[in-house]
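Peer 1: Here it is, the structure, as structure tokens.
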Amino acid sequence: MMPFLVSGLGVGAVYAMSGVGLVVLYRSSGVLNFAFGAIGAVAAYVAWSALDREWPLALAVLAGVLAAVAISFAYGRLLAPRLAASDPTVRSIGTLGLALVLLGFTEWFWGEQPRRLVLPTDSQAIELADVRLTYTRVIGLAMAFSMMAAVGLLLARTRIGLAMRALADQRGLSAILGVRVLQVDTAAWVISGAFAGVCGLLLGNIVRLQATVLTFLVIPAFAAAIIGRLSSLPATVAAGLAIGILEALAVLVPGFSQFRAATPFLIALAAIVLWRDASRKA
Amino acid sequence: MKTIEANWSTPKFTKQTFQRALVVAALVAGGSAMAQGKPACGMNNGKAATGEPIALGAVVGKTGPDDFSASALAAQAYFKCVNANGGINGRPIEFTIADDQWNPEVAAQVAAKLVKDRKVVAMVGSSSFVECGVNAKMYAQEDVMVIAGVGVPRECFFAKNYVPVNAGPRVSATVVAMYAAQQYKAKRMVCVIPNIPSLGNWACDGAKDWGKANGVEVDVIAIDPGSPDATSTMLQAAAKKPDVVILNVPKGIMVPMLAAAEQQGLAKKIHFVSSTPAYNFDVPKTIGSAWSGNFDIHLEFMPVESAGKDNVNWKATMEAFGGKNDPRDSFAQAGYLAARIATEALLKLDPKKIDRATTSAALREVKGFQSDILCRPFYVGAGARHNANSSGPIAQVSGNGFKQVSNGCLTAADPELADLRAQEKQLGL
């Protein structure tokens, strides 16, 4: 059991980080970003292309993350404001459109030939319970926690964090009070884009470099964010890790192991049902 | 030239990949075709056929998770060559390719259109993941023979009128298991298969049943193809302490599994082998140097770069009559063979009496069809099912390419093939 627990940690860490990326945008602009995975996929493919052209690693990573930031910025600046007055559901579904466009583009441009995003941190590892936890996964874990702390501080302690929270709660009122809506919104999209880029790179390495898979990895991240009730960052991180670990442990359940990709969906479903019950009682 | 595409796989193969791979393929094939000269096909008399056309068709999965159209495109190239060389005793072949979009409903519609409306006398070079299960019964009812290119699911190998030219995932895994047992003295193996309907355990059970009869323990692990976590799958396989892990999965899933195995240090402890999907131009470079000389693959046909006369003729046919972008891969080899089988059977008929009944009868008569692309002569026969191709060579990843490591071909000793072996005996093969 221990080996699977450790192997689930790596994937879980990136789910956790993706969850934090989703929550930060939701808490600042009220949008659930369905395109999070697809933006990450583009980042991973851009980095792969750069590495394939023998760019230095740092530059390749930067190119990938910048691509993600650029897409997120463009959407947040050009399209999202046009939907700003709409219902939150409509604004979220708008990102689903972006996800599908990006998915189509990635598949068309890079094709589906098998690729591997190799990072130098893959070759070294810590041995835990007979499992080698590569440094890439360790970095993923460390980043999940540090990002959680950083975003927590940003939202709680900074001026822009305050503006973000105000905007998410009362958009019209905040604008009247002088919050620069477009600026703050754009900042949130940029942060979320950077998260998507980093998560995409890590998932492209840890999971696989395949556009569809990376695009739909937003689902476990949603599950984590939902368990964190789209607000609590520590709960989101804990949930992301738990989902990764449970999915790995599902290998041990006879009869279920060949359906284990359903684990995050089941957890999300359970979370929604339990959450509703809890809020009714309250 | 290296291989471009595996024999069965799910992931998509889209434009840019195509363009890049095919430019290389076209260049190399072009170079060799110049040396090869003109292709030989059909009556080979250089006269264009002008008589009443003979309708043939094919169903392929073109749009969807992967592009399976290469086999029908190769068949089409061969038929064009036949039409330019006397046709079927003067009658040209009119070949229609239909895309089933990997959708069973569409597969049924397009097949019905070809069989009932266009009244094709036979289907040639079909390759589809979904059509066998949907259309096999209709083909039998209408007495249309299908000389298919590539079949993957079980249904393709268990139908009276469906005759795939390839070996299929079950035979492929069995042969590579036999090779591993012989080469590495393996006693324990794990066979990894995706949990896909009508593929599932069946494709690994050939290796398992062969193992039972030969003192080799083969465990089957059915995996969720959608799971993002390949490490746990590899740990699950390693926990069974096998000497050999057989990967019987599409290349998109295989690459992350090998990466996970490498990261867990399993590449050095366990021998990894695979069925045909790993035989793909991009795989050696993608999986990296850790697997060079360390990953053996069964091929359902002779390597695409082999120098056999018929293989060279296939490439020359593609060059002269195929599209620039038509793949030159093992799917195309299969389609070319299917078209040759059909042409040679039709040429034996009286051109005035070519209809569905005579064509089906002539195709069932096919016996001892020779090609150096195949390991053994091909036959059709009147049996209740078909799997005439049940052998193949073993290649190993070597640097950024492949090299053949088996001494000639190995033939699957899968107990499930007993009925076919009996039939072969009856046919005197």
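Quick note on naming: the chains in the structure tokens go A, B, ... in the order shown, residues restart at 1 in each chain, and ligands are numbered from 1 in order of appearance.
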Check which residues of chain A sit at most 10 Å from chain B using only C-alpha atoms, and return one row each with the closest pair of atoms and their distance in Å to one decimal, ordered by chain and rising number, as CSV.

Peer 2:
```
residue,atom,partner,partner_atom,distance
A:Pro3,CA,B:Leu235,CA,7.6
A:Phe4,CA,B:Ser232,CA,5.9
A:Leu5,CA,B:Ser232,CA,9.1
A:Val6,CA,B:Ser232,CA,9.3
A:Ser7,CA,B:Ser232,CA,6.2
A:Gly8,CA,B:Ser232,CA,7.5
A:Gly10,CA,B:Asp229,CA,9.3
A:Val11,CA,B:Asp229,CA,7.1
A:Gly12,CA,B:Asp229,CA,9.9
A:Glu107,CA,B:Thr14,CA,6.9
A:Trp108,CA,B:Thr14,CA,6.0
A:Phe109,CA,B:Gln16,CA,6.0
A:Trp110,CA,B:Gln16,CA,6.2
A:Gly111,CA,B:Thr14,CA,4.7
A:Glu112,CA,B:Lys12,CA,5.0
A:Gln113,CA,B:Phe13,CA,6.2
A:Pro114,CA,B:Gly252,CA,5.5
A:Arg115,CA,B:Thr286,CA,5.6
A:Arg116,CA,B:Thr286,CA,5.9
A:Leu117,CA,B:Thr286,CA,9.0
A:Val118,CA,B:Ala259,CA,9.2
A:Asp122,CA,B:Gln263,CA,7.0
A:Ser123,CA,B:Gln263,CA,6.9
A:Gln124,CA,B:Gln263,CA,8.6
A:Ala125,CA,B:Gln263,CA,8.4
A:Glu127,CA,B:Gln264,CA,9.5
A:Asp130,CA,B:Gln264,CA,8.9
A:Val131,CA,B:Gln264,CA,6.6
A:Arg132,CA,B:Gln264,CA,5.6
A:Leu133,CA,B:Gln264,CA,8.3
A:Thr134,CA,B:Gln263,CA,7.3
A:Leu203,CA,B:Pro228,CA,9.0
A:Gly204,CA,B:Pro256,CA,9.9
A:Asn205,CA,B:Pro256,CA,8.9
A:Ile206,CA,B:Asp229,CA,8.1
A:Val207,CA,B:Pro228,CA,5.3
A:Arg208,CA,B:Pro256,CA,5.7
A:Leu209,CA,B:Pro256,CA,8.4
A:Gln210,CA,B:Gly252,CA,7.8
A:Thr212,CA,B:Pro11,CA,9.8
A:Val213,CA,B:Pro228,CA,7.5
A:Leu214,CA,B:Pro228,CA,8.9
A:Phe216,CA,B:Gly226,CA,10.0
A:Leu217,CA,B:Pro228,CA,8.1
A:Gly244,CA,B:Asp229,CA,8.6
A:Glu247,CA,B:Asp229,CA,8.0
A:Ala248,CA,B:Ser232,CA,5.8
A:Leu249,CA,B:Ser232,CA,8.2
A:Ala250,CA,B:Ser232,CA,9.4
A:Val251,CA,B:Ser232,CA,7.1
A:Leu252,CA,B:Gln236,CA,8.2
A:Gly255,CA,B:Ala222,CA,9.5
A:Phe256,CA,B:Asp224,CA,9.2
A:Ser257,CA,B:Ile223,CA,6.8
A:Gln258,CA,B:Asp224,CA,4.3
A:Phe259,CA,B:Asp224,CA,5.2
A:Arg260,CA,B:Asp224,CA,6.2
A:Ala261,CA,B:Ser227,CA,4.5
A:Ala262,CA,B:Ser227,CA,8.3
A:Thr263,CA,B:Ser227,CA,9.4
```

Peer 1: Neighbours of Val69 in chain A within 8 Å (only C-alpha atoms; same-chain residues fewer than 5 positions away dropped), as a JSON list (two decimals) with N, CA and C atoms, in the first residue's frame?

Peer 2:
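Okay, this is what ended up in out.json:
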```
[["chain", "number", "residue", "atom", "x", "y", "z"],
["A", 189, "TRP", "N", -6.38, 37.07, -13.98],
["A", 189, "TRP", "CA", -6.21, 36.18, -15.13],
["A", 189, "TRP", "C", -4.74, 35.87, -15.38],
["A", 190, "VAL", "N", -3.89, 36.86, -15.15],
["A", 190, "VAL", "CA", -2.45, 36.63, -15.36],
["A", 190, "VAL", "C", -1.92, 35.63, -14.34],
["A", 191, "ILE", "N", -2.32, 35.80, -13.08],
["A", 191, "ILE", "CA", -1.86, 34.86, -12.04],
["A", 191, "ILE", "C", -2.36, 33.46, -12.36],
["A", 192, "SER", "N", -3.63, 33.38, -12.72],
["A", 192, "SER", "CA", -4.20, 32.08, -13.03],
["A", 192, "SER", "C", -3.49, 31.45, -14.24],
["A", 193, "GLY", "N", -3.15, 32.29, -15.22],
["A", 193, "GLY", "CA", -2.45, 31.78, -16.40],
["A", 193, "GLY", "C", -1.08, 31.23, -16.03],
["A", 194, "ALA", "N", -0.38, 31.92, -15.13],
["A", 194, "ALA", "CA", 0.93, 31.44, -14.71],
["A", 194, "ALA", "C", 0.81, 30.11, -13.99],
["A", 197, "GLY", "N", 0.22, 27.46, -16.52],
["A", 197, "GLY", "CA", 1.45, 27.14, -17.24],
["A", 197, "GLY", "C", 2.35, 26.20, -16.44]]
```

Peer 1: For range 393-407 of chain B, work out the shell of residues within 6 Å, counting only C-alpha atoms and skipping chain neighbours fewer than 5 positions away, then give it as a PyMOL selection string.

Peer 2: chain B and resi 284-285+292-293+295-299

Peer 1: With distances taken over only C-alpha atoms, which residue among B:Glu217, B:Glu305, B:Glu94, B:Asp67 lies nearest Phe331 in chain B?

Peer 2: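 The shortest atom-to-atom distance to Phe331 in chain B comes from B:Asp67.
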
Peer 1: Within 9 Å of range 220-231 of chain A, counting only C-alpha atoms, which residues show up once you throw out same-chain ones fewer than 6 positions away? Write them as a ChimeraX atom specification, please.

Peer 2: /A:14-24,26-27,32,34,237-244,263-269,271-272,275

Peer 1: What are the DSSP alpha helix (DSSP H) residues of range 307-349 of chain B, as a compact mmCIF listing (two decimals) with N, CA and C atoms, in the first residue's frame?

Peer 2:
```
# COMPACT_ATOMS: atom_id res chain seq x y z
N LYS B 309 10.92 -8.38 -52.61
CA LYS B 309 10.45 -7.90 -53.92
C LYS B 309 9.04 -7.30 -53.83
N ASP B 310 8.15 -7.98 -53.09
CA ASP B 310 6.78 -7.49 -53.01
C ASP B 310 6.72 -6.20 -52.19
N ASN B 311 7.55 -6.12 -51.15
CA ASN B 311 7.58 -4.91 -50.33
C ASN B 311 8.06 -3.72 -51.17
N VAL B 312 9.05 -3.97 -52.02
CA VAL B 312 9.56 -2.92 -52.91
C VAL B 312 8.47 -2.53 -53.92
N ASN B 313 7.71 -3.53 -54.38
CA ASN B 313 6.63 -3.26 -55.33
C ASN B 313 5.52 -2.43 -54.68
N TRP B 314 5.27 -2.71 -53.39
CA TRP B 314 4.27 -1.92 -52.64
C TRP B 314 4.68 -0.45 -52.65
N LYS B 315 5.95 -0.20 -52.34
CA LYS B 315 6.42 1.19 -52.29
C LYS B 315 6.36 1.83 -53.67
N ALA B 316 6.72 1.07 -54.69
CA ALA B 316 6.68 1.61 -56.06
C ALA B 316 5.24 1.93 -56.46
N THR B 317 4.30 1.08 -56.02
CA THR B 317 2.88 1.33 -56.32
C THR B 317 2.42 2.61 -55.65
N MET B 318 2.82 2.78 -54.39
CA MET B 318 2.44 3.99 -53.66
C MET B 318 3.02 5.22 -54.36
N GLU B 319 4.24 5.09 -54.83
CA GLU B 319 4.91 6.21 -55.45
C GLU B 319 4.23 6.60 -56.75
N ALA B 320 3.87 5.59 -57.56
CA ALA B 320 3.31 5.86 -58.88
C ALA B 320 1.82 6.19 -58.83
N PHE B 321 1.07 5.57 -57.91
CA PHE B 321 -0.38 5.70 -57.94
C PHE B 321 -0.99 6.22 -56.63
N SER B 330 2.72 0.31 -41.82
CA SER B 330 2.28 -1.09 -41.84
C SER B 330 0.79 -1.21 -42.16
N PHE B 331 -0.01 -0.19 -41.86
CA PHE B 331 -1.40 -0.19 -42.30
C PHE B 331 -1.45 -0.25 -43.83
N ALA B 332 -0.58 0.53 -44.46
CA ALA B 332 -0.56 0.58 -45.92
C ALA B 332 -0.11 -0.76 -46.50
N GLN B 333 0.84 -1.41 -45.84
CA GLN B 333 1.25 -2.75 -46.28
C GLN B 333 0.03 -3.67 -46.28
N ALA B 334 -0.77 -3.58 -45.20
CA ALA B 334 -1.95 -4.44 -45.08
C ALA B 334 -2.94 -4.17 -46.21
N GLY B 335 -3.19 -2.91 -46.51
CA GLY B 335 -4.14 -2.56 -47.56
C GLY B 335 -3.67 -3.02 -48.93
N TYR B 336 -2.39 -2.87 -49.17
CA TYR B 336 -1.80 -3.32 -50.43
C TYR B 336 -2.00 -4.83 -50.59
N LEU B 337 -1.73 -5.57 -49.51
CA LEU B 337 -1.89 -7.03 -49.58
C LEU B 337 -3.35 -7.40 -49.84
N ALA B 338 -4.27 -6.72 -49.14
CA ALA B 338 -5.69 -7.01 -49.32
C ALA B 338 -6.08 -6.79 -50.79
N ALA B 339 -5.60 -5.69 -51.37
CA ALA B 339 -5.94 -5.38 -52.76
C ALA B 339 -5.34 -6.42 -53.71
N ARG B 340 -4.14 -6.86 -53.41
CA ARG B 340 -3.52 -7.89 -54.26
C ARG B 340 -4.31 -9.20 -54.18
N ILE B 341 -4.70 -9.57 -52.97
CA ILE B 341 -5.46 -10.81 -52.80
C ILE B 341 -6.74 -10.75 -53.62
N ALA B 342 -7.46 -9.61 -53.50
CA ALA B 342 -8.73 -9.47 -54.22
C ALA B 342 -8.51 -9.48 -55.72
N THR B 343 -7.51 -8.75 -56.19
CA THR B 343 -7.25 -8.67 -57.63
C THR B 343 -6.94 -10.04 -58.21
N GLU B 344 -6.07 -10.75 -57.51
CA GLU B 344 -5.68 -12.06 -58.04
C GLU B 344 -6.86 -13.03 -58.06
N ALA B 345 -7.76 -12.91 -57.06
CA ALA B 345 -8.94 -13.78 -57.05
C ALA B 345 -9.88 -13.40 -58.20
N LEU B 346 -10.08 -12.09 -58.42
CA LEU B 346 -11.00 -11.64 -59.48
C LEU B 346 -10.47 -12.02 -60.86
N LEU B 347 -9.16 -11.98 -61.02
CA LEU B 347 -8.57 -12.29 -62.33
C LEU B 347 -8.82 -13.73 -62.75
```

Peer 1: For Cys204 in chain B, which residue out of B:Gln182, B:Asn135, B:Gln141, B:Ser274 is the nearest one, using only C-alpha atoms?

Peer 2: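 Distance minimum relative to Cys204 in chain B lands on B:Ser274.
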
Peer 1: Would you compute the distance between CA of Ser28 in chain A and CA of Asp169 in chain A? Give it in Å to one decimal.

Peer 2: 8.4 Å

Peer 1: Quick one: residues within 10 Å of Lys367 in chain B, only C-alpha atoms, excluding same-chain residues fewer than 5 positions away - as a list in words?

Peer 2: Ile341, Pro377, Phe378, Tyr379, Val380, Gly381, Glu424, Leu427, Gly428 and Leu429 of chain B

Peer 1: Write the residues you've just listed into a file as a compact mmCIF listing (two decimals), in the first residue's frame, and include N, CA and C atoms for each of them.

Peer 2:
```txt
# COMPACT_ATOMS: atom_id res chain seq x y z
N ILE B 341 -4.70 -9.57 -52.97
CA ILE B 341 -5.46 -10.81 -52.80
C ILE B 341 -6.74 -10.75 -53.62
N PRO B 377 2.43 -18.08 -46.28
CA PRO B 377 1.41 -17.87 -47.32
C PRO B 377 0.05 -17.62 -46.68
N PHE B 378 -0.76 -16.76 -47.31
CA PHE B 378 -2.05 -16.36 -46.76
C PHE B 378 -3.15 -17.22 -47.37
N TYR B 379 -4.21 -17.46 -46.61
CA TYR B 379 -5.35 -18.19 -47.14
C TYR B 379 -6.63 -17.58 -46.58
N VAL B 380 -7.75 -17.85 -47.23
CA VAL B 380 -9.03 -17.37 -46.72
C VAL B 380 -9.85 -18.57 -46.22
N GLY B 381 -10.25 -19.45 -47.13
CA GLY B 381 -11.00 -20.64 -46.71
C GLY B 381 -12.44 -20.33 -46.37
N GLU B 424 -6.17 -25.39 -41.45
CA GLU B 424 -4.98 -25.30 -42.30
C GLU B 424 -4.53 -26.69 -42.74
N LEU B 427 -6.75 -27.89 -45.40
CA LEU B 427 -6.47 -27.23 -46.68
C LEU B 427 -5.11 -27.67 -47.23
N GLY B 428 -4.40 -28.46 -46.45
CA GLY B 428 -3.10 -28.94 -46.90
C GLY B 428 -2.01 -27.88 -46.82
N LEU B 429 -2.13 -26.97 -45.81
CA LEU B 429 -1.11 -25.92 -45.68
C LEU B 429 -0.07 -26.31 -44.62
```

Peer 1: Using only C-alpha atoms, which residues sit within 7 Å of Val144 in chain B once same-chain residues fewer than 2 positions away are excluded, as JSON, numbers by chain?

Peer 2: {"B": [121, 122, 139, 140, 142, 146, 161, 356, 360]}

Peer 1: Might you pull out every residue within 9 Å of range 241-247 of chain B, with only C-alpha atoms counted and same-chain residues fewer than 6 positions away left off, and present them as a PyMOL selection string?

Peer 2: chain B and resi 173+176-177+180-181+184-193+204+217-219+254+257+269-275+278
